[in-house]
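**Student:** Sharing a structure with you now.
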Amino acid sequence: DVQLQASGGGSVQPGSSLRLSCAASGFTFGTYDMSWARQAPGKLPEWVSGIRSSGGRTYYAESVKGRFTISRDNAKNMVYLQMNNLKREDTAVYYCQTGHGGIRRSVWGQGTQVTVSS
């Protein structure tokens with residue numbers, strides 16, 4: 001079974017940085033594209049960023065381009081999301097998922113809360 005556990009969230013002020021981590025297990029991680037999605041209260045899930053299985057290509061939503069960086073470590077079965085210059089509108093629960101695009105709620109495991117407020 002695909003198991004994904006995100007961590008690293010927190011409550012920060014606008015302009016701050018956070019690094020999210022996702023530990024993956026139960027599948028051959030290095031052969032899967034991965035991505036991050038988020039869901040704010042009362043809103044539909046939003047795809048944030050994706051990365052190819054090799055790490056050689058990355059993708060970003062326009063809302064985070066230039067501020068967020070996705071990366072992965074296939075030796076550790078980990079995917080990361082470095083978030084800089086956080087804005088209030090980044091407040092959401094963040095989830096990692098398989099695939100480099102779209103929303104795959106069926107594989108969401110534990111998410112991590114990111115709250116950006118002053």
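Every chain in the structure tokens takes a letter, A first, then B, and so on in the order presented; its residues are numbered from 1, and the ligands are numbered from 1 following the presented order.
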Show me a table, sorted first by chain and then by increasing residue number, of the residues of region 28-94 of chain A having an atom at most 8 Å from region 8-21 of chain A, each with its shortest atom pair and the distance in Å to one decimal, counting only C-alpha atoms and written as a tab-separated table.

**Tutor:**
```
residue	atom	partner	partner_atom	distance
A:Met78	CA	A:Ser21	CA	6.8
A:Val79	CA	A:Ser21	CA	5.9
A:Tyr80	CA	A:Ser21	CA	4.5
A:Leu81	CA	A:Leu20	CA	5.0
A:Gln82	CA	A:Arg19	CA	4.4
A:Met83	CA	A:Leu18	CA	5.2
A:Asn84	CA	A:Ser17	CA	4.3
A:Asn85	CA	A:Gly15	CA	4.0
A:Leu86	CA	A:Gly15	CA	4.9
A:Lys87	CA	A:Pro14	CA	5.1
A:Arg88	CA	A:Pro14	CA	6.4
```

**Student:** With N, CA and C atoms retained, could you export that selection as a PDB file, in the first residue's frame?

**Tutor:**
```pdb
ATOM      1  N   MET A  78      12.199  10.161  -0.002  1.00  0.00           N
ATOM      2  CA  MET A  78      11.689  11.420   0.536  1.00  0.00           C
ATOM      3  C   MET A  78      11.445  12.417  -0.584  1.00  0.00           C
ATOM      4  N   VAL A  79      10.426  13.218  -0.406  1.00  0.00           N
ATOM      5  CA  VAL A  79      10.198  14.369  -1.284  1.00  0.00           C
ATOM      6  C   VAL A  79      10.028  15.594  -0.392  1.00  0.00           C
ATOM      7  N   TYR A  80      10.513  16.728  -0.878  1.00  0.00           N
ATOM      8  CA  TYR A  80      10.555  17.947  -0.076  1.00  0.00           C
ATOM      9  C   TYR A  80       9.888  19.103  -0.808  1.00  0.00           C
ATOM     10  N   LEU A  81       9.445  20.081  -0.029  1.00  0.00           N
ATOM     11  CA  LEU A  81       8.944  21.318  -0.601  1.00  0.00           C
ATOM     12  C   LEU A  81       9.501  22.468   0.222  1.00  0.00           C
ATOM     13  N   GLN A  82      10.446  23.177  -0.358  1.00  0.00           N
ATOM     14  CA  GLN A  82      10.993  24.373   0.278  1.00  0.00           C
ATOM     15  C   GLN A  82      10.094  25.547  -0.079  1.00  0.00           C
ATOM     16  N   MET A  83       9.560  26.185   0.935  1.00  0.00           N
ATOM     17  CA  MET A  83       8.621  27.282   0.725  1.00  0.00           C
ATOM     18  C   MET A  83       9.220  28.566   1.293  1.00  0.00           C
ATOM     19  N   ASN A  84       9.472  29.508   0.427  1.00  0.00           N
ATOM     20  CA  ASN A  84      10.031  30.793   0.828  1.00  0.00           C
ATOM     21  C   ASN A  84       9.016  31.901   0.605  1.00  0.00           C
ATOM     22  N   ASN A  85       9.236  33.023   1.287  1.00  0.00           N
ATOM     23  CA  ASN A  85       8.364  34.186   1.126  1.00  0.00           C
ATOM     24  C   ASN A  85       6.889  33.790   1.223  1.00  0.00           C
ATOM     25  N   LEU A  86       6.562  33.102   2.289  1.00  0.00           N
ATOM     26  CA  LEU A  86       5.205  32.602   2.463  1.00  0.00           C
ATOM     27  C   LEU A  86       4.198  33.742   2.575  1.00  0.00           C
ATOM     28  N   LYS A  87       3.036  33.517   2.016  1.00  0.00           N
ATOM     29  CA  LYS A  87       1.954  34.491   2.019  1.00  0.00           C
ATOM     30  C   LYS A  87       0.752  33.914   2.763  1.00  0.00           C
ATOM     31  N   ARG A  88      -0.137  34.787   3.185  1.00  0.00           N
ATOM     32  CA  ARG A  88      -1.328  34.323   3.924  1.00  0.00           C
ATOM     33  C   ARG A  88      -2.119  33.310   3.101  1.00  0.00           C
TER      34      ARG A  88
END
```

**Student:** If you count only C-alpha atoms, which residues fall within 12 Å of Glu62 (chain A), apart from same-chain ones fewer than 6 positions away, as JSON, numbers by chain?

**Tutor:** {"A": [46, 47, 48, 49, 68]}

**Student:** Taking 3 positions as the minimum chain separation for residues in the same chain, which residues sit within 12 Å of Tyr59 (chain A) when counting only C-alpha atoms? Answer as a list in words.

**Tutor:** Asp33, Met34, Ser35, Trp36, Trp47, Val48, Ser49, Gly50, Ile51, Arg52, Gly55, Gly56, Glu62, Ser63, Val64, Lys65, Gly66, Phe68, Thr69, Ile70, Ser71, Leu81, Gly99, His100, Gly101 and Gly102 of chain A

**Student:** Compare A:Phe27, A:Thr112, A:Ala37, A:Asp90 by their minimum atom-to-atom distance to Arg67 (chain A), counting only C-alpha atoms, and give me the closest one.

**Tutor:** A:Asp90

**Student:** Using DSSP on the backbone coordinates, identify the residues of chain A assigned to strand (DSSP E or B); present them as a ChimeraX atom specification.

**Tutor:** /A:3-7,10-12,18-25,34-39,46-51,58-60,68-73,78-83,92-98,110,112-116

**Student:** Counting only C-alpha atoms, figure out which residue out of A:Thr31, A:Ser53, A:Gln39, A:Gln3 gets nearest to Thr115 (chain A).

**Tutor:**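 For Thr115 (chain A), the nearest of the given residues is A:Gln39.
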
**Student:** From the options A:Ala24, A:Lys43, A:Gly109, A:Arg72, which residue's atoms come nearest to Thr58 (chain A), counting only C-alpha atoms?

**Tutor:**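 Comparing A:Ala24, A:Lys43, A:Gly109, A:Arg72 against Thr58 (chain A), the winner is A:Arg72.
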